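*Asks:* Compact mmCIF, C-alpha atoms, saved as coords.txt, coming up:
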```txt
# COMPACT_ATOMS: atom_id res chain seq x y z
CA MET A 27 4.33 -13.98 -11.30
CA THR A 28 4.07 -13.26 -7.56
CA LEU A 29 7.42 -14.89 -6.77
CA LEU A 30 9.26 -13.17 -9.62
CA ALA A 31 7.70 -9.78 -8.82
CA PHE A 32 8.61 -10.15 -5.14
CA LEU A 33 12.22 -11.18 -5.83
CA ALA A 34 12.65 -8.35 -8.34
CA ALA A 35 11.32 -5.85 -5.79
CA ILE A 36 13.60 -7.12 -3.02
CA ILE A 37 16.68 -7.10 -5.26
CA ILE A 38 16.00 -3.58 -6.54
CA LEU A 39 15.35 -2.14 -3.08
CA VAL A 40 18.32 -3.88 -1.47
CA VAL A 41 20.74 -2.91 -4.24
CA ILE A 42 19.65 0.74 -4.09
CA HIS A 43 19.87 0.80 -0.28
CA GLU A 44 23.33 -0.78 -0.13
CA LEU A 45 24.51 1.26 -3.09
CA GLY A 46 23.78 4.36 -1.02
CA HIS A 47 26.09 3.09 1.74
CA TYR A 48 28.71 2.00 -0.80
CA LEU A 49 28.91 5.26 -2.77
CA VAL A 50 29.08 7.52 0.29
CA ALA A 51 31.64 5.23 1.95
CA ARG A 52 33.84 5.38 -1.13
CA ARG A 53 33.35 9.15 -1.29
CA CYS A 54 34.55 9.38 2.31
CA GLY A 55 37.65 7.32 1.50
CA VAL A 56 36.54 4.12 3.24
CA LYS A 57 37.63 0.81 1.72
CA VAL A 58 34.65 -1.46 0.92
CA LEU A 59 35.53 -5.14 1.17
CA ARG A 60 32.23 -6.71 0.12
CA PHE A 61 28.92 -5.69 -1.44
CA SER A 62 26.38 -8.47 -0.88
CA VAL A 63 22.84 -8.89 -2.12
CA GLY A 64 21.32 -11.35 0.34
CA PHE A 65 22.57 -12.95 3.55
CA GLY A 66 24.07 -16.29 4.47
CA LYS A 67 26.10 -18.58 2.25
CA VAL A 68 27.76 -16.99 -0.75
CA ILE A 69 26.53 -18.57 -3.98
CA TYR A 70 28.29 -16.22 -6.42
CA ALA A 71 31.23 -13.85 -6.00
CA LYS A 72 33.03 -11.59 -8.48
CA ARG A 73 35.96 -9.22 -8.10
CA PHE A 74 36.61 -6.99 -11.11
CA ALA A 75 40.14 -6.43 -12.41
CA GLY A 76 41.87 -3.81 -10.32
CA GLY A 77 38.89 -3.63 -7.94
CA GLU A 78 39.09 -4.01 -4.19
CA THR A 79 35.41 -4.83 -3.57
CA GLU A 80 34.00 -8.34 -3.78
CA TRP A 81 30.53 -8.34 -5.37
CA VAL A 82 28.45 -11.16 -3.91
CA ILE A 83 25.05 -12.84 -4.23
CA SER A 84 24.12 -14.75 -1.08
CA ALA A 85 21.59 -17.49 -0.44
CA ILE A 86 18.89 -15.61 1.53
CA PRO A 87 17.55 -12.80 -0.70
CA LEU A 88 15.79 -10.83 2.06
CA GLY A 89 18.36 -8.10 2.56
CA GLY A 90 22.00 -7.31 1.98
CA TYR A 91 25.04 -5.61 3.43
CA VAL A 92 28.16 -3.60 2.67
CA LYS A 93 31.24 -4.76 4.59
CA MET A 94 33.81 -2.03 5.16
CA LEU A 95 37.39 -2.13 6.42
CA ASP A 96 37.16 -1.78 10.23
CA GLU A 97 39.77 -2.28 12.95
CA ARG A 98 37.09 -3.58 15.32
CA GLU A 99 36.79 -6.67 13.12
CA GLY A 100 40.49 -7.51 12.79
CA ALA A 101 43.99 -6.19 12.37
CA VAL A 102 44.52 -3.64 9.63
CA ALA A 103 47.84 -2.81 7.95
CA ALA A 104 49.23 0.58 8.93
CA ALA A 105 49.09 1.79 5.33
CA GLU A 106 45.32 1.27 5.22
CA GLN A 107 44.31 2.44 8.68
CA SER A 108 43.21 5.81 7.32
CA ARG A 109 40.70 3.97 5.11
CA THR A 110 38.95 2.16 7.95
CA PHE A 111 35.38 3.04 8.85
CA ASN A 112 36.07 3.36 12.57
CA ARG A 113 38.73 6.07 12.00
CA GLN A 114 36.40 8.37 10.05
CA SER A 115 35.02 11.50 11.68
CA VAL A 116 31.61 11.28 13.36
CA GLY A 117 30.09 13.35 10.57
CA ARG A 118 31.34 10.99 7.88
CA ARG A 119 30.13 7.91 9.75
CA MET A 120 26.72 9.55 10.12
CA ALA A 121 26.62 10.28 6.40
CA ILE A 122 27.53 6.68 5.54
CA VAL A 123 24.85 5.08 7.73
CA LEU A 124 22.16 7.54 6.58
CA ALA A 125 23.01 7.07 2.91
CA GLY A 126 21.14 3.74 2.66
CA PRO A 127 17.73 4.96 3.88
CA PHE A 128 18.07 8.20 1.92
CA ALA A 129 18.87 6.20 -1.22
CA ASN A 130 15.53 4.42 -0.79
CA LEU A 131 13.73 7.75 -0.40
CA LEU A 132 15.49 9.09 -3.51
CA LEU A 133 14.41 5.97 -5.42
CA ALA A 134 10.80 6.64 -4.40
CA ILE A 135 11.08 10.25 -5.59
CA ALA A 136 12.50 9.09 -8.94
CA LEU A 137 9.74 6.50 -9.40
CA TYR A 138 6.96 8.93 -8.46
CA TRP A 139 8.50 11.56 -10.75
CA LEU A 140 8.33 9.14 -13.67
CA LEU A 141 4.78 8.08 -12.78
CA PHE A 142 3.50 11.63 -12.41
CA MET A 143 4.97 12.55 -15.80
CA VAL A 144 3.55 9.47 -17.53
CA GLY A 145 0.22 9.71 -15.70
CA VAL A 146 -1.19 7.83 -12.72
CA PRO A 147 -4.60 6.22 -13.33
CA GLY A 148 -7.24 6.40 -10.64
CA VAL A 149 -10.97 6.52 -9.93
CA LYS A 150 -12.67 9.90 -9.81
CA PRO A 151 -13.70 10.80 -6.22
CA ILE A 152 -17.45 10.77 -6.88
CA LEU A 153 -19.50 9.77 -3.84
CA GLY A 154 -21.69 6.71 -3.93
CA THR A 155 -24.71 6.00 -1.75
CA ILE A 156 -24.29 7.55 1.70
CA PRO A 157 -25.40 5.14 4.46
CA VAL A 158 -27.55 6.57 7.24
CA ALA A 159 -26.12 7.11 10.73
CA THR A 160 -22.59 7.72 9.43
CA PRO A 161 -20.36 10.82 9.68
CA ALA A 162 -20.86 11.35 5.94
CA ALA A 163 -24.63 11.44 6.39
CA ALA A 164 -24.25 13.80 9.37
CA ALA A 165 -22.14 16.08 7.18
CA GLN A 166 -25.01 16.17 4.63
CA LEU A 167 -23.02 14.53 1.87
CA HIS A 168 -24.96 13.13 -1.07
CA SER A 169 -24.47 10.56 -3.79
CA GLN A 170 -22.87 11.75 -7.04
CA GLN A 171 -21.13 14.72 -5.40
CA THR A 172 -17.51 15.06 -6.55
CA LEU A 173 -14.96 15.57 -3.78
CA LEU A 174 -12.65 18.39 -4.92
CA SER A 175 -10.40 18.95 -1.89
CA ILE A 176 -9.86 18.11 1.79
CA ASN A 177 -8.62 20.95 3.98
CA GLY A 178 -7.45 22.72 0.86
CA GLU A 179 -5.56 19.71 -0.56
CA ALA A 180 -6.82 18.79 -4.04
CA THR A 181 -8.15 15.24 -4.39
CA ALA A 182 -8.17 14.05 -7.99
CA THR A 183 -8.67 10.35 -7.17
CA TRP A 184 -10.12 8.13 -4.46
CA GLN A 185 -6.56 7.10 -3.57
CA GLU A 186 -5.77 10.72 -2.66
CA VAL A 187 -9.01 10.96 -0.67
CA ARG A 188 -8.12 7.88 1.35
CA TRP A 189 -4.55 9.05 1.96
CA ASN A 190 -5.53 12.57 3.07
CA LEU A 191 -8.23 11.30 5.41
CA LEU A 192 -5.87 8.70 6.90
CA ASP A 193 -3.43 11.48 7.79
CA LEU A 194 -6.24 13.51 9.41
CA VAL A 195 -7.48 10.48 11.36
CA LEU A 196 -3.98 9.96 12.76
CA GLN A 197 -3.91 13.64 13.76
CA LYS A 198 -7.48 13.46 15.13
CA ARG A 199 -8.44 16.49 13.04
CA SER A 200 -11.70 17.22 11.29
CA ALA A 201 -11.93 17.46 7.52
CA ILE A 202 -13.35 20.40 5.59
CA LEU A 203 -14.55 19.05 2.26
CA ALA A 204 -15.06 21.03 -0.92
CA LEU A 205 -17.55 19.28 -3.20
CA ARG A 206 -19.19 19.86 -6.55
CA ASN A 207 -22.85 18.95 -6.85
CA PRO A 208 -24.13 17.26 -10.02
CA ASP A 209 -25.55 20.65 -11.11
CA GLY A 210 -22.08 22.23 -10.84
CA GLN A 211 -22.62 24.12 -7.56
CA ILE A 212 -19.59 24.14 -5.20
CA VAL A 213 -20.37 23.51 -1.53
CA SER A 214 -18.33 23.07 1.66
CA ARG A 215 -19.03 20.50 4.36
CA LEU A 216 -17.41 19.59 7.71
CA LEU A 217 -16.75 15.86 8.13
CA ASP A 218 -16.29 14.80 11.75
CA ILE A 219 -13.79 11.92 11.89
CA SER A 220 -13.18 12.03 15.63
CA MET A 221 -15.41 8.97 16.18
CA LEU A 222 -12.90 6.63 14.53
CA SER A 223 -10.93 4.39 16.89
CA ALA A 224 -7.66 2.51 16.47
CA THR A 225 -9.46 -0.68 15.44
CA ASP A 226 -11.22 1.18 12.62
CA LEU A 227 -7.86 1.57 10.85
CA ASP A 228 -7.45 -2.22 10.65
CA GLY A 229 -9.74 -2.41 7.64
CA ASN A 230 -11.34 0.08 5.25
CA PHE A 231 -11.92 3.03 7.55
CA LEU A 232 -13.78 4.86 4.76
CA ASP A 233 -16.64 2.42 5.34
CA LYS A 234 -16.90 3.69 8.91
CA LEU A 235 -17.15 7.24 7.61
CA GLY A 236 -19.81 6.28 5.09
CA LEU A 237 -17.71 7.11 2.05
CA HIS A 238 -17.91 4.85 -1.00
CA PRO A 239 -17.01 5.34 -4.66
CA TYR A 240 -19.95 5.90 -6.94
CA GLN A 241 -20.66 3.03 -9.28
CA PRO A 242 -22.82 3.50 -12.38
CA PRO A 243 -25.96 1.41 -11.94
CA LEU A 244 -26.11 -1.90 -13.79
CA LEU A 245 -29.39 -2.38 -15.63
CA PRO A 246 -31.27 -5.64 -14.87
CA ILE A 247 -30.48 -7.08 -18.30
CA ILE A 248 -28.88 -10.52 -18.55
CA GLU A 249 -25.74 -10.91 -20.65
CA LYS A 250 -24.37 -14.32 -19.66
CA LEU A 251 -25.75 -17.50 -18.10
CA SER A 252 -24.06 -20.52 -16.56
CA ALA A 253 -24.87 -23.60 -18.61
CA ASP A 254 -25.83 -25.61 -15.50
CA GLY A 255 -27.16 -22.74 -13.36
CA ALA A 256 -30.66 -22.24 -12.00
CA ALA A 257 -31.26 -19.35 -14.42
CA SER A 258 -30.65 -21.59 -17.46
CA ARG A 259 -32.75 -24.39 -16.00
CA GLY A 260 -35.60 -21.96 -15.35
CA GLY A 261 -35.68 -20.64 -18.91
CA LEU A 262 -33.93 -17.25 -18.64
CA GLN A 263 -32.03 -16.16 -21.74
CA ALA A 264 -29.40 -13.59 -22.64
CA GLN A 265 -30.82 -10.09 -23.22
CA ASP A 266 -33.83 -10.78 -21.00
CA LYS A 267 -34.75 -7.65 -19.00
CA ILE A 268 -35.90 -8.37 -15.45
CA LEU A 269 -39.03 -6.37 -14.59
CA ARG A 270 -40.34 -7.88 -11.35
CA VAL A 271 -39.46 -10.63 -8.89
CA ASN A 272 -42.29 -11.90 -6.65
CA GLN A 273 -44.22 -8.74 -7.63
CA GLN A 274 -41.33 -6.51 -6.46
CA LEU A 275 -40.24 -3.92 -9.04
CA ILE A 276 -36.61 -4.36 -10.19
CA ALA A 277 -34.95 -1.07 -11.16
CA VAL A 278 -31.28 -2.06 -11.15
CA TRP A 279 -29.30 -5.30 -11.13
CA ASP A 280 -28.57 -5.04 -7.39
CA ASP A 281 -32.32 -5.25 -6.71
CA PHE A 282 -32.41 -8.55 -8.58
CA VAL A 283 -29.33 -9.88 -6.75
CA THR A 284 -30.89 -9.00 -3.39
CA GLN A 285 -34.02 -11.01 -4.20
CA VAL A 286 -32.05 -14.02 -5.45
CA ARG A 287 -29.70 -14.10 -2.45
CA ALA A 288 -32.63 -13.93 -0.04
CA HIS A 289 -34.36 -17.00 -1.52
CA PRO A 290 -32.06 -20.06 -1.48
CA ASN A 291 -34.06 -23.13 -2.57
CA LEU A 292 -37.22 -21.00 -2.64
CA PRO A 293 -39.14 -20.42 -5.89
CA LEU A 294 -39.05 -16.97 -7.48
CA THR A 295 -41.68 -15.69 -9.89
CA ILE A 296 -39.82 -13.54 -12.38
CA GLU A 297 -41.35 -11.25 -15.00
CA VAL A 298 -39.04 -10.55 -17.92
CA MET A 299 -39.27 -8.58 -21.15
CA ARG A 300 -37.92 -10.65 -24.03
CA GLY A 301 -37.96 -8.57 -27.19
CA ASN A 302 -41.52 -7.25 -27.27
CA SER A 303 -42.98 -10.11 -25.25
CA LEU A 304 -43.71 -10.25 -21.51
CA ILE A 305 -42.78 -13.66 -20.08
CA ILE A 306 -43.31 -15.05 -16.58
CA LEU A 307 -40.88 -17.71 -15.31
CA THR A 308 -40.44 -19.64 -12.08
CA ILE A 309 -36.86 -20.19 -10.98
CA LEU A 310 -35.53 -22.10 -7.97
CA PRO A 311 -32.21 -20.54 -6.88
CA ASP A 312 -29.43 -22.90 -5.81
CA SER A 313 -28.32 -22.68 -2.19
CA ILE A 314 -24.69 -21.96 -1.36
CA THR A 315 -22.94 -21.11 1.92
CA GLU A 316 -21.26 -17.74 2.27
CA SER A 317 -19.80 -16.55 5.60
CA GLY A 318 -21.75 -19.26 7.39
CA GLN A 319 -25.13 -18.32 5.84
CA SER A 320 -27.16 -19.89 3.06
CA ILE A 321 -27.78 -17.61 0.10
CA GLY A 322 -29.36 -18.05 -3.29
CA ARG A 323 -27.52 -18.12 -6.63
CA ILE A 324 -28.82 -18.64 -10.17
CA GLY A 325 -25.71 -18.25 -12.37
CA ALA A 326 -26.48 -15.07 -14.32
CA ALA A 327 -24.39 -11.98 -15.09
CA PRO A 328 -25.62 -8.53 -16.21
CA VAL A 329 -24.84 -6.49 -19.29
CA PHE A 330 -21.78 -4.42 -18.42
CA ASP A 331 -21.78 -0.82 -19.65
CA ARG A 332 -18.04 -0.43 -20.19
CA HIS A 333 -18.31 3.19 -21.30
CA ALA A 334 -20.10 4.22 -18.09
CA PHE A 335 -17.38 2.66 -15.94
CA GLU A 336 -14.54 4.02 -18.08
CA ALA A 337 -16.02 7.49 -17.57
CA MET A 338 -15.30 7.04 -13.84
CA LEU A 339 -11.56 6.72 -14.48
CA THR A 340 -9.06 9.55 -14.67
CA THR A 341 -5.32 9.98 -15.21
CA VAL A 342 -3.32 12.44 -13.13
CA SER A 343 -0.19 13.78 -14.85
CA TYR A 344 2.06 16.83 -14.61
CA ALA A 345 4.78 18.65 -16.52
CA PRO A 346 8.33 17.54 -15.57
CA PHE A 347 9.06 20.24 -12.96
CA ALA A 348 5.59 20.04 -11.40
CA ALA A 349 5.88 16.23 -11.43
CA LEU A 350 9.14 16.47 -9.48
CA GLN A 351 7.47 18.71 -6.90
CA GLN A 352 4.59 16.27 -6.60
CA ALA A 353 7.02 13.34 -6.27
CA ILE A 354 8.94 15.01 -3.46
CA GLY A 355 5.70 15.93 -1.70
CA LYS A 356 4.27 12.44 -2.12
CA THR A 357 7.43 10.81 -0.72
CA TRP A 358 7.57 13.23 2.20
CA ASP A 359 3.87 12.82 3.07
CA THR A 360 4.09 9.03 2.84
CA ALA A 361 7.16 8.92 5.08
CA ILE A 362 5.55 11.21 7.68
CA VAL A 363 2.31 9.21 7.74
CA SER A 364 4.34 5.99 8.09
CA LEU A 365 6.16 7.46 11.10
CA LYS A 366 2.85 8.57 12.61
CA MET A 367 1.43 5.05 12.17
CA ILE A 368 4.48 3.54 13.89
CA GLY A 369 4.17 6.03 16.74
CA LYS A 370 0.46 5.26 17.16
CA MET A 371 1.27 1.54 17.24
CA LEU A 372 3.82 2.06 20.01
CA ILE A 373 1.29 3.86 22.24
CA GLY A 374 -1.56 1.49 21.37
CA GLU A 375 -3.71 3.92 19.38
CA VAL A 376 -3.28 1.89 16.18
CA SER A 377 -3.43 -1.90 16.07
CA LEU A 378 -0.32 -3.97 15.34
CA LYS A 379 -2.47 -5.72 12.74
CA ASN A 380 -1.33 -3.00 10.36
CA LEU A 381 2.17 -4.53 10.29
CA SER A 382 2.84 -6.59 7.17
CA GLY A 383 5.55 -9.16 6.52
CA PRO A 384 7.10 -10.71 3.43
CA ILE A 385 4.05 -12.84 2.60
CA THR A 386 1.75 -9.82 2.30
CA ILE A 387 4.43 -7.83 0.48
CA ALA A 388 4.88 -10.69 -2.00
CA ASP A 389 1.12 -10.84 -2.49
CA TYR A 390 0.93 -7.12 -3.29
CA ALA A 391 3.97 -7.41 -5.54
CA GLY A 392 2.22 -10.08 -7.60
CA GLN A 393 -1.09 -8.20 -7.73
CA SER A 394 0.52 -4.92 -8.78
CA ALA A 395 2.66 -6.67 -11.41
CA GLN A 396 -0.44 -8.22 -12.94
CA MET A 397 -2.09 -4.77 -13.07
CA GLY A 398 0.76 -3.38 -15.17
CA TRP A 399 4.07 -1.58 -14.87
CA VAL A 400 2.53 1.67 -13.55
CA ALA A 401 0.97 -0.12 -10.58
CA TYR A 402 4.16 -2.11 -9.97
CA LEU A 403 6.36 1.00 -9.94
CA GLY A 404 3.91 2.62 -7.52
CA PHE A 405 4.21 -0.44 -5.29
CA LEU A 406 8.02 -0.27 -5.48
CA ALA A 407 7.98 3.41 -4.48
CA LEU A 408 5.75 2.72 -1.48
CA ILE A 409 7.85 -0.21 -0.25
CA SER A 410 11.05 1.79 -0.82
CA ILE A 411 9.70 4.54 1.45
CA SER A 412 8.73 1.96 4.07
CA LEU A 413 12.22 0.44 3.95
CA GLY A 414 13.83 3.86 4.26
CA VAL A 415 11.62 4.89 7.19
CA LEU A 416 12.12 1.55 8.96
CA ASN A 417 15.90 1.84 8.74
CA LEU A 418 15.81 5.37 10.13
CA LEU A 419 14.18 4.21 13.37
CA PRO A 420 16.55 4.58 16.37
CA ILE A 421 16.76 0.82 16.92
CA PRO A 422 20.21 -0.75 17.43
CA LEU A 423 21.25 -2.90 14.43
CA LEU A 424 19.37 -0.58 12.07
CA ASP A 425 20.94 2.44 10.38
CA GLY A 426 18.96 4.71 12.68
CA GLY A 427 20.42 2.93 15.70
CA HIS A 428 23.97 3.55 14.48
CA PHE A 429 23.06 7.17 13.82
CA LEU A 430 21.81 7.42 17.43
CA TYR A 431 25.13 6.08 18.73
CA TYR A 432 27.11 8.56 16.63
CA SER A 433 24.87 11.39 17.80
CA LEU A 434 25.64 10.46 21.41
CA GLU A 435 29.32 10.33 20.53
CA LEU A 436 29.08 13.80 19.04
CA VAL A 437 27.44 15.14 22.21
CA GLN A 438 29.66 13.46 24.81
CA GLY A 439 32.89 13.64 22.84
CA ARG A 440 33.65 9.91 22.95
CA PRO A 441 32.15 6.70 21.49
CA VAL A 442 29.55 4.78 23.48
CA SER A 443 31.06 2.01 25.58
CA GLU A 444 31.29 -1.57 24.36
CA ARG A 445 28.92 -2.57 27.19
CA THR A 446 26.33 -0.05 26.00
CA GLY A 447 26.74 -1.34 22.47
CA GLU A 448 26.21 -4.95 23.57
CA ILE A 449 23.08 -4.06 25.54
CA GLY A 450 21.76 -2.04 22.61
CA GLN A 451 22.41 -4.93 20.25
CA LYS A 452 20.38 -7.30 22.44
CA ILE A 453 17.55 -4.78 22.66
CA GLY A 454 17.65 -4.27 18.90
CA ILE A 455 17.51 -8.00 18.22
CA ALA A 456 14.58 -8.40 20.63
CA LEU A 457 12.64 -5.52 19.04
CA LEU A 458 13.25 -6.70 15.48
CA VAL A 459 12.37 -10.33 16.27
CA THR A 460 9.18 -9.19 18.02
CA MET A 461 8.23 -6.96 15.08
CA MET A 462 8.93 -9.76 12.60
CA ALA A 463 6.87 -12.20 14.67
CA PHE A 464 3.87 -9.84 14.62
CA ALA A 465 4.31 -9.28 10.89
CA PHE A 466 4.42 -13.03 10.13
CA TYR A 467 1.43 -13.63 12.42
CA ASN A 468 -0.55 -10.95 10.58
CA ASP A 469 0.46 -12.43 7.21
CA ILE A 470 -0.71 -15.90 8.20
CA SER A 471 -3.93 -14.53 9.72
CA ARG A 472 -4.70 -12.73 6.45
CA LEU A 473 -4.08 -15.94 4.48
CA ILE A 474 -6.38 -17.95 6.76
CA SER A 475 -9.15 -15.32 6.88
CA GLY A 476 -8.85 -14.49 3.19
```
When written as structure tokens, how does the structure in this file appear?
*Replies:*
Amino acid sequence: MTLLAFLAAIIILVVIHELGHYLVARRCGVKVLRFSVGFGKVIYAKRFAGGETEWVISAIPLGGYVKMLDEREGAVAAAEQSRTFNRQSVGRRMAIVLAGPFANLLLAIALYWLLFMVGVPGVKPILGTIPVATPAAAAQLHSQQTLLSINGEATATWQEVRWNLLDLVLQKRSAILALRNPDGQIVSRLLDISMLSATDLDGNFLDKLGLHPYQPPLLPIIEKLSADGAASRGGLQAQDKILRVNQQLIAVWDDFVTQVRAHPNLPLTIEVMRGNSLIILTILPDSITESGQSIGRIGAAPVFDRHAFEAMLTTVSYAPFAALQQAIGKTWDTAIVSLKMIGKMLIGEVSLKNLSGPITIADYAGQSAQMGWVAYLGFLALISISLGVLNLLPIPLLDGGHFLYYSLELVQGRPVSERTGEIGQKIGIALLVTMMAFAFYNDISRLISG
């Protein structure tokens, strides 16, 4: 599933990107010699009757290219010189190189438009327990408050909360929160996020702020037992309600878990209500190692109130025109935040650990595909934006690097020198190899650390 989802994503994104170059090149009168999905050795080639473009699938499916007629790559017949790329005006060459990244951004808009019309599922932004000594506690936030907006931007899901706060963290701005109390009262609170550092963005920075989704409490009632677990050996049964453990009152399932984890290989006296009878059992939790520490485990799972958890879910959808507006805004905001993250990485304010390579992308492709087509299309839109933004960077070898050269040509009235192009190419290769090395290192580190 992961491999197929990853390959499908790469093929779709590459085809759309190169199709952007191809269509604009043809529109500008440039002859396209080859359209390739993948690099390296050609494994399949097709030229349609009367067509001048060779359509190719190559061995390494991690990119692609459009090869155009160009006098810098060989002699061109006089009759076709007007159709070469190098003889086009600066404006046309700019349009051709920008067409690929913009095609990726248009794909993201189209995908988000579809998703916003169909409906995007999410978790309602209801606050869970607020830890002490956190910015959320200092802002006097409380459990079960619903977060309505951040600096005037509506937040219908936790995903929107995270995204809006990430943007504010990058800007080092405070957040004005509008919240609805459980009794319906609307209140406003100021959340100070200035204490976050670059390293806090490596993981879940919402933890640092003290913000967690509310989870309906699980009652301490057993639903399932492992056949060979300590709970079964000690006499616990399904539908037993845990009342006390070692004389400590158990109100919710987490209280029971805390007691069990704290007593590996130590006996627990457990009071349970079974039907109308009060029963006292002694159970010896098994000892397992987790993160280098011994914890207790008995092999029991609680009754899951599906309705309570389903009530925490919501679906955000819009009418077609409003959905298009939302899609454009979502694509724009995502692209801007991506550029801000890259800028912060360059000046050291955000860790390079945030770079991801093909292994992590493949992992997310597989996970999103298993969650359903809505999640997978959302993943495709996000990666398409990332690909578009990456190619717009002014790095030689990338589309943005070519655009930079043509901009200089427009200003100075002549193309950049071959020497400048060679130096830029070496710099571009060095930057891309360095970036790929960091991305692969981060991928492998994530695999090792789990």
*Asks:* Residues around (8.3, -9.1, -1.5), cut-off 8 Å, counting all atoms listed in the file - what are they as a PDB file with C-alpha atoms, keeping the file's coordinate frame?
*Replies:*
```pdb
ATOM      1  CA  LEU A  29       7.420 -14.890  -6.770  1.00  0.00           C
ATOM      2  CA  ALA A  31       7.700  -9.780  -8.820  1.00  0.00           C
ATOM      3  CA  PHE A  32       8.610 -10.150  -5.140  1.00  0.00           C
ATOM      4  CA  LEU A  33      12.220 -11.180  -5.830  1.00  0.00           C
ATOM      5  CA  ALA A  35      11.320  -5.850  -5.790  1.00  0.00           C
ATOM      6  CA  ILE A  36      13.600  -7.120  -3.020  1.00  0.00           C
ATOM      7  CA  PRO A 384       7.100 -10.710   3.430  1.00  0.00           C
ATOM      8  CA  ILE A 385       4.050 -12.840   2.600  1.00  0.00           C
ATOM      9  CA  THR A 386       1.750  -9.820   2.300  1.00  0.00           C
ATOM     10  CA  ILE A 387       4.430  -7.830   0.480  1.00  0.00           C
ATOM     11  CA  ALA A 388       4.880 -10.690  -2.000  1.00  0.00           C
ATOM     12  CA  ASP A 389       1.120 -10.840  -2.490  1.00  0.00           C
ATOM     13  CA  TYR A 390       0.930  -7.120  -3.290  1.00  0.00           C
ATOM     14  CA  ALA A 391       3.970  -7.410  -5.540  1.00  0.00           C
TER      15      ALA A 391
END
```
*Asks:* Determine the nearest neighbour of A:Leu167 from the options A:Val41, A:Ala257, A:Leu153, A:Leu49, counting all atoms listed in the file.
*Replies:*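 Of A:Val41, A:Ala257, A:Leu153, A:Leu49, the one nearest A:Leu167, counting all atoms listed in the file, is A:Leu153.
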*Asks:* So that I can check the surroundings of A:Arg206, please list as a PyMOL selection string every protein, DNA and RNA residue that reaches within 7 Å of it, counting all atoms listed in the file and ignoring chain neighbours fewer than 3 positions away.
*Replies:* chain A and resi 171-174+210-213
*Asks:* By how many Å are atom CA of A:Lys452 and atom CA of A:Leu424 apart?
*Replies:*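 Computing it gives 12.4 Å between the two atoms.
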*Asks:* Which one is closest to A:Met338: A:Thr181, A:Ser433, A:Gln170, A:Gln107? Count all atoms listed in the file.
*Replies:* A:Gln170
*Asks:* From (-25.9, 14.7, 2.6), in the file's coordinates, out to 12 Å: which residues are reached, counting all atoms listed in the file? Answer as a PyMOL selection string.
*Replies:* chain A and resi 153-171+205+207+213-217+236-237
*Asks:* Using only C-alpha atoms, which residue out of A:Gly46, A:Thr79, A:Met397, A:Trp189 lies closest to A:Phe61?
*Replies:*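 Checking each candidate against A:Phe61, we get A:Thr79 as the closest.
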*Asks:* Write out as number ranges by chain each polymer residue whose atoms come within 12 Å of A:Glu336, counting only C-alpha atoms; drop sequence neighbours fewer than 6 positions from it.
*Replies:* A: 147-150, 241-242, 330
*Asks:* What separation in Å, quoted to one decimal, exists between atom CA of A:Ala326 and atom CA of A:Pro243?
*Replies:*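 A separation of 16.7 Å between them.
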*Asks:* Report, in Å to a single decimal, how far apart atom CA of A:Val56 and atom CA of A:Lys93 are.
*Replies:*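 Value for the atom CA of A:Lys93-atom CA of A:Val56 distance: 10.4 Å.
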*Asks:* Of the candidates A:Ala34, A:Arg53, A:Trp139, A:Glu97, which one gets nearest to A:Ala348 if we count all atoms listed in the file?
*Replies:*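 Ranking A:Ala34, A:Arg53, A:Trp139, A:Glu97 by distance to A:Ala348, first place goes to A:Trp139.
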*Asks:* Hey, which of A:Arg113, A:Arg323, A:Lys267, A:Lys234 ends up closest to A:Ile296? Count all atoms listed in the file.
*Replies:*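 Ranked by minimum distance to A:Ile296, first place goes to A:Lys267.
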*Asks:* Taking all atoms listed in the file into account, produce a table as a Markdown table in which each residue of stretch 136-244 of chain A with an atom at most 10 Å from an atom of stretch 353-363 of chain A appears once, together with its shortest atom pair and the distance in Å to one decimal, ordered by chain and rising number.
*Replies:*
```
| residue | atom | partner | partner_atom | distance |
| --- | --- | --- | --- | --- |
| A:Ala136 | CA | A:Ala353 | CA | 7.4 |
| A:Leu137 | CA | A:Ala353 | CA | 8.0 |
| A:Tyr138 | CA | A:Ala353 | CA | 4.9 |
| A:Trp139 | CA | A:Ala353 | CA | 5.0 |
| A:Leu140 | CA | A:Ala353 | CA | 8.6 |
| A:Leu141 | CA | A:Ala353 | CA | 8.7 |
| A:Phe142 | CA | A:Ala353 | CA | 7.3 |
| A:Met143 | CA | A:Ala353 | CA | 9.8 |
| A:Trp189 | CA | A:Thr360 | CA | 8.7 |
| A:Asn190 | CA | A:Asp359 | CA | 9.4 |
| A:Leu192 | CA | A:Val363 | CA | 8.2 |
| A:Asp193 | CA | A:Val363 | CA | 6.2 |
| A:Leu194 | CA | A:Val363 | CA | 9.7 |
| A:Leu196 | CA | A:Val363 | CA | 8.1 |
| A:Gln197 | CA | A:Val363 | CA | 9.7 |
```
*Asks:* Return as lines of an AutoDock Vina configuration file the box centre and box size in Å, one decimal, for an axis-aligned box around all listed atoms of stretch 418-430 of chain A padded by 3 Å per side.
*Replies:*
```
center_x = 19.1
center_y = 2.3
center_z = 13.8
size_x = 15.8
size_y = 16.3
size_z = 13.3
```
*Asks:* Find, counting only C-alpha atoms, the residue in A:Lys67, A:Arg98, A:Arg287, A:His238 that gets nearest to A:Ile83.
*Replies:*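 Nearest to A:Ile83: A:Lys67.
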*Asks:* Which residues, written as a ChimeraX atom specification, have at least one atom at most 8 Å from A:Phe128, with all atoms listed in the file counted and residues fewer than 3 positions away on the same chain left out?
*Replies:* /A:43,46,124-125,131-132,414
